[in-house]
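Structure data (TSV, C-alpha atoms and all ligand atoms) from my_file-v9.tsv:
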chain	number	residue	atom	x	y	z
A	13	VAL	CA	-17.76	15.75	12.44
A	14	ARG	CA	-15.27	16.78	9.79
A	15	ALA	CA	-14.61	15.26	6.39
A	16	ILE	CA	-12.25	16.31	3.60
A	17	GLU	CA	-14.35	16.84	0.51
A	18	ILE	CA	-13.54	17.53	-3.12
A	19	ALA	CA	-14.83	21.06	-3.74
A	20	ALA	CA	-16.30	22.35	-7.01
A	21	ASP	CA	-12.90	23.76	-7.99
A	22	ARG	CA	-11.36	20.33	-7.22
A	23	SER	CA	-9.45	21.54	-4.19
A	24	LEU	CA	-9.70	19.61	-0.93
A	25	VAL	CA	-11.70	21.39	1.73
A	26	VAL	CA	-12.64	20.40	5.26
A	27	GLY	CA	-16.42	20.25	5.57
A	28	GLU	CA	-18.77	19.55	8.44
A	29	ARG	CA	-21.22	16.66	8.31
A	30	ALA	CA	-23.74	15.24	10.71
A	31	LEU	CA	-22.68	11.99	12.38
A	32	THR	CA	-25.37	9.51	11.47
A	33	PRO	CA	-25.76	6.49	13.75
A	34	PRO	CA	-25.13	3.13	12.07
A	35	GLY	CA	-28.12	1.59	10.30
A	36	GLU	CA	-28.94	-2.09	10.00
A	37	GLY	CA	-25.77	-4.00	9.19
A	38	GLU	CA	-23.50	-0.99	9.55
A	39	VAL	CA	-20.55	-0.18	11.78
A	40	VAL	CA	-19.16	3.28	12.56
A	41	LEU	CA	-15.43	3.76	13.12
A	42	ALA	CA	-13.48	6.66	14.51
A	43	VAL	CA	-10.69	7.03	11.98
A	44	ALA	CA	-7.22	6.87	13.55
A	45	LEU	CA	-5.12	7.45	10.43
A	46	CYS	CA	-5.75	7.33	6.70
A	47	GLY	CA	-3.11	7.10	3.98
A	48	ILE	CA	-3.05	9.20	0.84
A	49	CYS	CA	-2.96	6.81	-2.13
A	50	GLY	CA	-1.72	7.51	-5.65
A	51	SER	CA	-5.18	6.54	-6.87
A	52	ASP	CA	-6.67	9.35	-4.75
A	53	ILE	CA	-4.36	11.79	-6.49
A	54	HIS	CA	-5.55	10.44	-9.85
A	55	MET	CA	-9.20	10.42	-8.82
A	56	ARG	CA	-9.32	13.97	-7.55
A	57	PRO	CA	-9.12	16.01	-10.81
A	58	GLU	CA	-12.18	14.57	-12.59
A	59	ARG	CA	-13.13	10.99	-11.81
A	60	ALA	CA	-14.72	11.68	-8.44
A	61	PRO	CA	-17.90	13.77	-8.14
A	62	VAL	CA	-17.82	17.01	-6.19
A	63	GLY	CA	-18.38	16.27	-2.51
A	64	THR	CA	-16.56	12.94	-2.62
A	65	VAL	CA	-14.74	11.95	0.55
A	66	MET	CA	-11.73	9.84	-0.44
A	67	GLY	CA	-9.53	7.61	1.70
A	68	HIS	CA	-9.37	3.82	1.57
A	69	GLU	CA	-6.17	3.10	3.54
A	70	LEU	CA	-7.41	3.52	7.07
A	71	SER	CA	-7.11	2.29	10.59
A	72	GLY	CA	-9.59	3.09	13.32
A	73	THR	CA	-11.59	2.05	16.32
A	74	ILE	CA	-15.21	0.92	16.27
A	75	THR	CA	-17.42	3.43	18.06
A	76	GLU	CA	-20.91	2.14	17.26
A	77	VAL	CA	-22.42	-1.05	15.92
A	78	GLY	CA	-25.77	-1.06	14.12
A	79	PRO	CA	-28.63	-3.53	14.52
A	80	GLY	CA	-27.98	-7.01	13.17
A	81	VAL	CA	-24.20	-6.77	13.34
A	82	GLU	CA	-22.58	-9.70	15.10
A	83	GLY	CA	-19.00	-10.30	16.13
A	84	TRP	CA	-17.97	-6.66	16.31
A	85	ALA	CA	-18.10	-4.28	19.25
A	86	ALA	CA	-17.23	-0.72	20.17
A	87	GLY	CA	-13.59	-0.31	21.16
A	88	GLN	CA	-12.15	-2.85	18.71
A	89	ARG	CA	-9.23	-1.64	16.61
A	90	VAL	CA	-9.71	-2.41	12.94
A	91	VAL	CA	-8.65	-1.84	9.36
A	92	VAL	CA	-10.91	-2.14	6.32
A	93	ASN	CA	-11.04	-3.75	2.93
A	94	PRO	CA	-12.54	-0.78	1.10
A	95	PHE	CA	-14.11	-2.81	-1.71
A	96	ASP	CA	-17.69	-4.04	-1.52
A	97	PRO	CA	-18.03	-7.10	-3.74
A	98	CYS	CA	-21.61	-8.02	-4.67
A	99	GLY	CA	-21.35	-11.64	-3.55
A	100	ASP	CA	-23.64	-12.53	-6.41
A	101	CYS	CA	-21.69	-12.53	-9.69
A	102	ALA	CA	-19.79	-15.39	-11.33
A	103	GLU	CA	-16.48	-14.18	-9.91
A	104	CYS	CA	-17.82	-13.88	-6.38
A	105	ASP	CA	-19.38	-17.34	-6.72
A	106	ARG	CA	-16.03	-18.73	-7.78
A	107	GLY	CA	-14.34	-17.24	-4.71
A	108	ASP	CA	-12.63	-14.44	-6.63
A	109	ARG	CA	-14.33	-11.67	-4.71
A	110	HIS	CA	-11.47	-9.31	-5.53
A	111	LEU	CA	-12.46	-9.68	-9.20
A	112	CYS	CA	-16.16	-8.97	-8.57
A	113	ARG	CA	-17.97	-7.48	-11.54
A	114	ASN	CA	-19.82	-5.04	-9.28
A	115	PRO	CA	-17.21	-4.20	-6.65
A	116	ASP	CA	-18.26	-0.65	-5.87
A	117	GLY	CA	-21.62	-1.08	-4.16
A	118	ARG	CA	-20.47	0.86	-1.13
A	119	ALA	CA	-16.73	0.95	-1.64
A	120	ILE	CA	-15.12	3.05	1.08
A	121	GLY	CA	-13.39	6.15	-0.26
A	122	LEU	CA	-13.71	4.94	-3.82
A	123	ARG	CA	-16.55	7.25	-4.81
A	124	THR	CA	-19.59	5.18	-3.89
A	125	ALA	CA	-19.32	5.57	-0.10
A	126	PRO	CA	-17.51	8.23	1.95
A	127	GLY	CA	-13.96	7.26	2.87
A	128	GLY	CA	-11.44	7.69	5.63
A	129	TYR	CA	-10.50	11.32	5.07
A	130	ALA	CA	-12.89	12.03	7.91
A	131	ASP	CA	-13.31	11.86	11.68
A	132	PHE	CA	-15.69	8.92	11.29
A	133	VAL	CA	-16.55	6.44	8.56
A	134	THR	CA	-19.42	3.98	8.14
A	135	VAL	CA	-18.54	0.49	6.90
A	136	GLN	CA	-20.06	-2.96	6.60
A	137	PRO	CA	-18.90	-5.83	8.82
A	138	HIS	CA	-17.56	-7.86	5.88
A	139	GLN	CA	-15.10	-5.03	5.21
A	140	LEU	CA	-13.60	-5.18	8.72
A	141	PHE	CA	-10.38	-6.82	9.92
A	142	ALA	CA	-9.33	-6.69	13.56
A	143	ILE	CA	-5.73	-5.67	14.24
A	144	PRO	CA	-3.66	-6.78	17.25
A	145	ASP	CA	-1.90	-4.35	19.62
A	146	ALA	CA	1.35	-5.09	17.80
A	147	VAL	CA	-0.05	-3.25	14.77
A	148	SER	CA	0.04	0.47	15.49
A	149	ASP	CA	-2.47	2.88	13.97
A	150	ALA	CA	0.19	3.93	11.44
A	151	ALA	CA	0.96	0.30	10.61
A	152	GLY	CA	-2.78	-0.30	10.24
A	153	ALA	CA	-2.97	2.43	7.62
A	154	LEU	CA	-0.34	0.50	5.62
A	155	VAL	CA	-2.32	-2.76	5.57
A	156	GLU	CA	-4.24	-1.94	2.39
A	157	PRO	CA	-1.27	-0.85	0.23
A	158	LEU	CA	0.83	-3.70	1.62
A	159	ALA	CA	-1.94	-6.14	0.66
A	160	VAL	CA	-1.62	-4.84	-2.91
A	161	GLY	CA	2.09	-5.75	-2.89
A	162	VAL	CA	1.47	-9.08	-1.18
A	163	HIS	CA	-1.13	-10.02	-3.79
A	164	GLY	CA	1.00	-8.90	-6.74
A	165	VAL	CA	3.94	-10.95	-5.50
A	166	LEU	CA	1.67	-13.95	-4.97
A	167	LEU	CA	0.68	-13.81	-8.65
A	168	ALA	CA	4.30	-14.59	-9.54
A	169	GLY	CA	4.15	-17.86	-7.56
A	170	GLU	CA	7.54	-19.39	-6.79
A	171	LEU	CA	9.34	-17.47	-9.53
A	172	PRO	CA	10.74	-14.72	-7.28
A	173	LEU	CA	12.28	-17.35	-5.00
A	174	ARG	CA	14.05	-19.15	-7.80
A	175	GLU	CA	14.99	-16.34	-10.14
A	176	PRO	CA	16.22	-12.76	-10.18
A	177	VAL	CA	13.58	-10.08	-9.91
A	178	ALA	CA	13.35	-6.47	-11.06
A	179	VAL	CA	10.90	-3.97	-9.57
A	180	PHE	CA	10.26	-0.79	-11.55
A	181	GLY	CA	9.07	2.28	-9.65
A	182	ALA	CA	10.00	3.43	-6.15
A	183	GLY	CA	6.60	4.82	-5.18
A	184	PRO	CA	4.62	3.35	-2.28
A	185	ILE	CA	3.42	0.38	-4.35
A	186	GLY	CA	6.94	-0.38	-5.53
A	187	LEU	CA	8.12	-0.27	-1.93
A	188	MET	CA	5.28	-2.48	-0.71
A	189	THR	CA	6.09	-4.96	-3.49
A	190	LEU	CA	9.75	-4.96	-2.43
A	191	LEU	CA	8.78	-5.56	1.20
A	192	ALA	CA	6.44	-8.39	0.21
A	193	LEU	CA	9.20	-9.95	-1.91
A	194	GLN	CA	11.62	-9.67	0.98
A	195	ALA	CA	9.13	-11.24	3.39
A	196	ASN	CA	8.66	-14.13	0.97
A	197	GLY	CA	12.39	-14.77	0.86
A	198	ALA	CA	13.24	-13.41	-2.59
A	199	ARG	CA	16.95	-12.64	-2.46
A	200	GLN	CA	17.99	-11.39	-5.89
A	201	VAL	CA	16.05	-8.18	-6.34
A	202	VAL	CA	16.98	-4.92	-8.05
A	203	LEU	CA	14.91	-1.75	-7.96
A	204	VAL	CA	14.70	0.53	-11.01
A	205	GLU	CA	13.80	4.17	-10.38
A	206	ARG	CA	14.40	7.21	-12.55
A	207	ASN	CA	15.03	9.52	-9.58
A	208	PRO	CA	18.37	8.23	-8.19
A	209	ALA	CA	17.95	9.84	-4.75
A	210	ARG	CA	14.53	8.31	-4.32
A	211	GLY	CA	15.70	4.96	-5.65
A	212	ALA	CA	18.54	4.90	-3.15
A	213	ARG	CA	16.26	5.81	-0.26
A	214	VAL	CA	13.50	3.34	-1.04
A	215	GLY	CA	16.04	0.66	-1.96
A	216	ASP	CA	17.68	1.17	1.40
A	217	ILE	CA	14.38	0.67	3.24
A	218	ALA	CA	13.85	-2.63	1.43
A	219	GLY	CA	17.50	-3.67	1.49
A	220	VAL	CA	17.96	-3.77	-2.28
A	221	GLU	CA	20.16	-1.96	-4.77
A	222	ALA	CA	18.54	0.69	-6.97
A	223	ILE	CA	19.57	1.59	-10.49
A	224	THR	CA	18.26	4.06	-13.07
A	225	PRO	CA	16.54	3.35	-16.41
A	226	GLU	CA	19.73	4.58	-18.10
A	227	GLU	CA	21.70	1.90	-16.31
A	228	VAL	CA	19.04	-0.65	-17.30
A	229	ALA	CA	19.41	0.40	-20.95
A	230	ALA	CA	23.15	-0.16	-20.62
A	231	GLY	CA	22.67	-3.74	-19.43
A	232	GLY	CA	22.62	-2.94	-15.73
A	233	LEU	CA	19.95	-5.45	-14.72
A	234	ALA	CA	21.61	-8.54	-16.17
A	235	GLU	CA	24.92	-7.28	-14.83
A	236	ARG	CA	23.68	-7.06	-11.27
A	237	LEU	CA	21.40	-10.07	-11.34
A	238	GLY	CA	23.74	-12.40	-13.20
A	239	GLY	CA	21.28	-12.64	-16.06
A	240	PRO	CA	17.92	-11.24	-17.13
A	241	PRO	CA	15.16	-11.23	-14.51
A	242	GLY	CA	12.63	-14.07	-14.62
A	243	VAL	CA	9.95	-11.74	-13.33
A	244	VAL	CA	9.53	-7.98	-13.53
A	245	PHE	CA	7.10	-6.03	-11.35
A	246	ASP	CA	5.95	-2.87	-13.07
A	247	CYS	CA	4.95	-0.58	-10.19
A	248	ALA	CA	5.75	2.71	-11.92
A	249	GLY	CA	2.25	3.63	-13.07
A	250	HIS	CA	3.77	4.97	-16.25
A	251	ALA	CA	3.14	3.67	-19.76
A	252	SER	CA	6.81	3.91	-20.72
A	253	VAL	CA	7.83	1.07	-18.42
A	254	MET	CA	6.02	-1.91	-19.99
A	255	PRO	CA	8.08	-2.00	-23.21
A	256	VAL	CA	11.25	-1.89	-21.12
A	257	ALA	CA	9.96	-4.63	-18.84
A	258	LEU	CA	9.14	-6.86	-21.83
A	259	GLU	CA	12.56	-6.18	-23.30
A	260	GLN	CA	14.38	-6.95	-20.05
A	261	VAL	CA	12.55	-10.02	-18.77
A	262	ARG	CA	13.94	-13.40	-19.83
A	263	PRO	CA	12.27	-15.42	-22.59
A	264	GLY	CA	9.29	-17.24	-21.10
A	265	GLY	CA	9.29	-14.77	-18.22
A	266	LEU	CA	6.52	-12.91	-16.42
A	267	VAL	CA	5.68	-9.23	-16.05
A	268	VAL	CA	3.29	-8.32	-13.24
A	269	MET	CA	1.79	-4.87	-13.62
A	270	ILE	CA	0.75	-3.46	-10.26
A	271	GLY	CA	-0.62	0.04	-10.41
A	272	ILE	CA	-2.07	1.62	-13.45
A	273	ALA	CA	-0.73	4.03	-16.04
A	274	ASP	CA	-3.07	6.68	-17.42
A	275	ASP	CA	-2.10	5.95	-21.02
A	276	ALA	CA	-2.20	2.84	-23.17
A	277	MET	CA	1.02	0.86	-22.90
A	278	PRO	CA	2.94	0.01	-26.05
A	279	VAL	CA	3.48	-3.74	-26.33
A	280	ALA	CA	5.71	-4.94	-29.17
A	281	PRO	CA	3.99	-8.03	-30.64
A	282	MET	CA	7.30	-9.44	-31.86
A	283	VAL	CA	8.84	-9.28	-28.38
A	284	LEU	CA	5.75	-10.74	-26.72
A	285	ALA	CA	5.51	-13.57	-29.25
A	286	THR	CA	9.14	-14.55	-29.71
A	287	LYS	CA	9.79	-14.56	-25.97
A	288	GLU	CA	6.42	-16.18	-25.13
A	289	LEU	CA	5.94	-13.67	-22.34
A	290	THR	CA	3.14	-13.48	-19.81
A	291	ILE	CA	1.74	-10.18	-18.58
A	292	ARG	CA	-0.48	-10.17	-15.51
A	293	GLY	CA	-2.26	-7.20	-14.04
A	294	ALA	CA	-3.03	-6.69	-10.36
A	295	LEU	CA	-5.01	-4.08	-8.51
A	296	ALA	CA	-6.79	-5.51	-5.49
A	297	TYR	CA	-6.26	-8.44	-3.14
A	298	ARG	CA	-7.93	-11.36	-1.45
A	299	THR	CA	-8.92	-11.61	2.20
A	300	GLU	CA	-5.83	-13.81	2.75
A	301	ASP	CA	-3.60	-11.04	1.37
A	302	ILE	CA	-5.00	-8.58	3.89
A	303	GLU	CA	-4.50	-11.09	6.70
A	304	ARG	CA	-0.94	-11.70	5.53
A	305	ALA	CA	-0.28	-7.94	5.42
A	306	ILE	CA	-1.56	-7.61	9.00
A	307	ALA	CA	0.68	-10.51	10.09
A	308	LEU	CA	3.76	-8.99	8.43
A	309	LEU	CA	3.13	-5.67	10.15
A	310	ALA	CA	2.50	-7.40	13.49
A	311	ASP	CA	5.81	-9.25	13.09
A	312	GLY	CA	7.64	-5.98	12.57
A	313	ARG	CA	8.61	-6.93	9.01
A	314	VAL	CA	7.80	-3.45	7.73
A	315	PRO	CA	9.78	-0.42	8.95
A	316	VAL	CA	6.63	1.66	9.38
A	317	GLU	CA	8.43	4.76	10.65
A	318	ARG	CA	10.53	4.89	7.47
A	319	VAL	CA	7.67	4.19	5.07
A	320	VAL	CA	5.44	6.84	6.64
A	321	THR	CA	7.30	10.08	5.92
A	322	SER	CA	4.66	12.53	7.18
A	323	THR	CA	1.52	12.51	9.29
A	324	VAL	CA	-0.53	15.68	8.94
A	325	GLY	CA	-3.86	17.21	9.94
A	326	PHE	CA	-6.82	17.63	7.59
A	327	ASP	CA	-5.94	21.27	6.93
A	328	ARG	CA	-2.76	20.13	5.20
A	329	ALA	CA	-4.38	17.59	2.87
A	330	GLU	CA	-4.40	19.92	-0.14
A	331	ALA	CA	-0.76	20.88	0.35
A	332	MET	CA	0.24	17.23	0.68
A	333	PHE	CA	-1.62	16.25	-2.49
A	334	GLN	CA	0.45	18.87	-4.28
A	335	GLU	CA	3.69	17.81	-2.63
A	336	LEU	CA	3.16	14.15	-3.56
A	337	VAL	CA	3.08	14.94	-7.28
A	338	ARG	CA	6.12	17.23	-7.14
A	339	PRO	CA	9.01	15.59	-8.98
A	340	GLY	CA	11.77	14.98	-6.51
A	341	THR	CA	9.51	14.86	-3.46
A	342	ASP	CA	10.97	13.06	-0.46
A	343	GLU	CA	7.56	11.91	0.70
A	344	ILE	CA	6.75	8.22	0.44
A	345	LYS	CA	3.55	7.48	2.37
A	346	VAL	CA	1.68	10.38	3.92
A	347	LEU	CA	-1.03	9.79	6.52
A	348	LEU	CA	-3.89	12.11	7.42
A	349	SER	CA	-4.71	12.33	11.11
A	350	PRO	CA	-8.03	13.56	12.52
A	351	ALA	CA	-6.18	14.26	15.77
A	352	LEU	CA	-3.77	16.83	14.33
A	401	ZN	ZN	-4.71	2.70	-2.59
A	402	ZN	ZN	-19.50	-9.98	-7.37
What is this structure when it is put down as structure tokens?
Amino acid sequence: VRAIEIAADRSLVVGERALTPPGEGEVVLAVALCGICGSDIHMRPERAPVGTVMGHELSGTITEVGPGVEGWAAGQRVVVNPFDPCGDCAECDRGDRHLCRNPDGRAIGLRTAPGGYADFVTVQPHQLFAIPDAVSDAAGALVEPLAVGVHGVLLAGELPLREPVAVFGAGPIGLMTLLALQANGARQVVLVERNPARGARVGDIAGVEAITPEEVAAGGLAERLGGPPGVVFDCAGHASVMPVALEQVRPGGLVVMIGIADDAMPVAPMVLATKELTIRGALAYRTEDIERAIALLADGRVPVERVVTSTVGFDRAEAMFQELVRPGTDEIKVLLSPAL
């Protein structure tokens, strides 16, 4: 069976591996589709050891169930929660498994266990979620990133329903956040994206207007929203956005940072203090968020064919990783297919 591995020179190469049957408490899936995530692009250059198989946004079909596994059978279509919380720390005890202190035991595609950039992947039953027929393989590959948006929006509580919202960053996470906002009934939403063509395209998919940072600096958010936003979602993954978000959000407002910049983010103490602002970070999601993402996709609330801009075979993984970091790329979500 094939798997896309990180080679010694950090390129992505298709390698051959033996297919090991599932051990005690393990389940083997045939991967249907696996999304390329921004975090994979960040992980590839140094953070992941040579030989790592990435891929944590996958859909597939169970092919084999190991001893001791109950409730799952070959032929079931599934998606996975890639994390592997320990179930034993204070956070897990409290029910915050997404905040587990040891979340990487055998986290799929996140360095500690091989991921979905492969023909087959081995997972644990607690990581599995069944998907209905109404969720296509492509839609299934969007469950994980959509759950990130669903969870981030949930952290803002009722605010997005009552007050204007700004979302910074028109990458996949920005789009998923917009779609989650829309599904929740938020009506006054503006997208901010530095690439106007991309902003327009992603804004169109989510049914919101997009403006540029220059327009924001000129008062564009308050102008379009009838006042400053009560909540800002920072989905840009760039350190320059946080100071702008803090500047733009109303006094007493909330900034939710979804996605992670490489650099430290400047936070002006005077702005934070005088406006009594709250900053929340978000990375993962709860089981309920995954279930909600599946339900939204099953209900057709996500235009999957517009979000997924390319589906390619393993031999094109390297080229797609390069395309996705090209400024001005038209790609939004790219899926890898073992079948192509
Ligand atoms: Zn991801
Ligand atoms: Zn834990």
- Pick out the residues sitting within 8 Å of stretch 145-160 of chain A, and hand them over as a PyMOL selection string; count only C-alpha atoms, and ignore anything fewer than 6 positions along from it in its own chain. chain A and resi 44-47+68-72+90-93+184-185+188-189+192+270+294-297+301-302+304-306+309-311+316+320+347
- Item | Nearby polymer residues, ligand ZN 402 (chain A), at most 12 Å, only C-alpha atoms and all ligand atoms, as a PyMOL selection string | chain A and resi 95-117
Output C-alpha atoms for every residue in the selection just made, as an mmCIF file, in the coordinates of the input.
data_model
loop_
_atom_site.group_PDB
_atom_site.id
_atom_site.type_symbol
_atom_site.label_atom_id
_atom_site.label_comp_id
_atom_site.auth_asym_id
_atom_site.auth_seq_id
_atom_site.Cartn_x
_atom_site.Cartn_y
_atom_site.Cartn_z
ATOM 1 C CA PHE A 95 -14.110 -2.810 -1.710
ATOM 2 C CA ASP A 96 -17.690 -4.040 -1.520
ATOM 3 C CA PRO A 97 -18.030 -7.100 -3.740
ATOM 4 C CA CYS A 98 -21.610 -8.020 -4.670
ATOM 5 C CA GLY A 99 -21.350 -11.640 -3.550
ATOM 6 C CA ASP A 100 -23.640 -12.530 -6.410
ATOM 7 C CA CYS A 101 -21.690 -12.530 -9.690
ATOM 8 C CA ALA A 102 -19.790 -15.390 -11.330
ATOM 9 C CA GLU A 103 -16.480 -14.180 -9.910
ATOM 10 C CA CYS A 104 -17.820 -13.880 -6.380
ATOM 11 C CA ASP A 105 -19.380 -17.340 -6.720
ATOM 12 C CA ARG A 106 -16.030 -18.730 -7.780
ATOM 13 C CA GLY A 107 -14.340 -17.240 -4.710
ATOM 14 C CA ASP A 108 -12.630 -14.440 -6.630
ATOM 15 C CA ARG A 109 -14.330 -11.670 -4.710
ATOM 16 C CA HIS A 110 -11.470 -9.310 -5.530
ATOM 17 C CA LEU A 111 -12.460 -9.680 -9.200
ATOM 18 C CA CYS A 112 -16.160 -8.970 -8.570
ATOM 19 C CA ARG A 113 -17.970 -7.480 -11.540
ATOM 20 C CA ASN A 114 -19.820 -5.040 -9.280
ATOM 21 C CA PRO A 115 -17.210 -4.200 -6.650
ATOM 22 C CA ASP A 116 -18.260 -0.650 -5.870
ATOM 23 C CA GLY A 117 -21.620 -1.080 -4.160
#
- Item | Residue nearest ligand ZN 401 (chain A) among A:Arg14, A:Arg59, A:His54, A:Arg206 (counting only C-alpha atoms and all ligand atoms) |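 Comparing A:Arg14, A:Arg59, A:His54, A:Arg206 against ligand ZN 401 (chain A), the winner is A:His54.
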- Using all atoms listed in the file: which of A:Ile120, A:Ala198, A:Ala234, A:Ala15 has the shortest distance to A:Arg174: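 Ranking A:Ile120, A:Ala198, A:Ala234, A:Ala15 by distance to A:Arg174, first place goes to A:Ala198.
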- Excluding A:Pro172 and any residue of its chain fewer than 2 positions from it, enumerate the residues within 8 Å of it, using only C-alpha atoms, and give them as number ranges by chain. A: 165, 168-170, 174-177, 193, 198, 242-243
- Query: By how many Å are atom CA of A:Gly161 and atom CA of A:Gly271 apart?
  - Reply: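 Between atom CA of A:Gly161 and atom CA of A:Gly271 the gap works out to 9.9 Å.
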- Task: Could you tell me which of A:Glu76, A:Glu335, A:Asp21, A:Asp52 comes closest to ligand ZN 401 (chain A) if we count only C-alpha atoms and all ligand atoms?
- Result: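 Going through A:Glu76, A:Glu335, A:Asp21, A:Asp52 one by one, the smallest distance to ligand ZN 401 (chain A) is for A:Asp52.
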- Could you name the residues that touch A:Val253 at 10 Å or less, counting all atoms listed in the file, but leaving out those on the same chain fewer than 2 positions away, as a list in words?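 Within the cut-off, the hits are Phe180, Gly181, Pro225, Asp246, Cys247, Ala248, Gly249, His250, Ala251, Pro255, Val256, Ala257, Leu258, Glu259, Met269, Ala273, Met277 and Pro278 of chain A.
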- Message: Can you measure atom CA of A:Arg328 to atom CA of A:Leu122 for me? One decimal in Å is fine.
- Response: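 These atoms are spaced 20.8 Å apart.
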- Message: As an exercise, work out the distance from atom CA of A:Gly239 to atom CA of A:Gln260 in Å and give it to one decimal place.
- Response: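 A separation of 9.8 Å between them.
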- Message: as number ranges by chain, please: the residues near A:Arg262 (cut-off 6 Å, all atoms listed in the file, same-chain neighbours under 2 positions excluded).
- Response: A: 240-242, 265
- Message: Quick one: residues within 6 Å of stretch 130-137 of chain A, all atoms listed in the file, excluding same-chain residues fewer than 4 positions away - as a ChimeraX atom specification?
- Response: /A:13-15,38-43,350
- Message: Nearest residue to A:Gly312 out of A:Ile74, A:Ala142, A:Ala60, A:Ala195, using all atoms listed in the file?
- Response: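 For A:Gly312, the nearest of the given residues is A:Ala195.
When all atoms listed in the file are used to compute distances to ligand ZN 401 (chain A), the closest of the residues A:Cys49, A:Leu308, A:Val214, A:Ala209 turns out to be A:Cys49.
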- Message: Counting all atoms listed in the file, which residue out of A:Ala30, A:Ala19, A:Ala229, A:Ile143 sits closest to A:Thr73?
- Response: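 Checking each candidate against A:Thr73, we get A:Ile143 as the closest.
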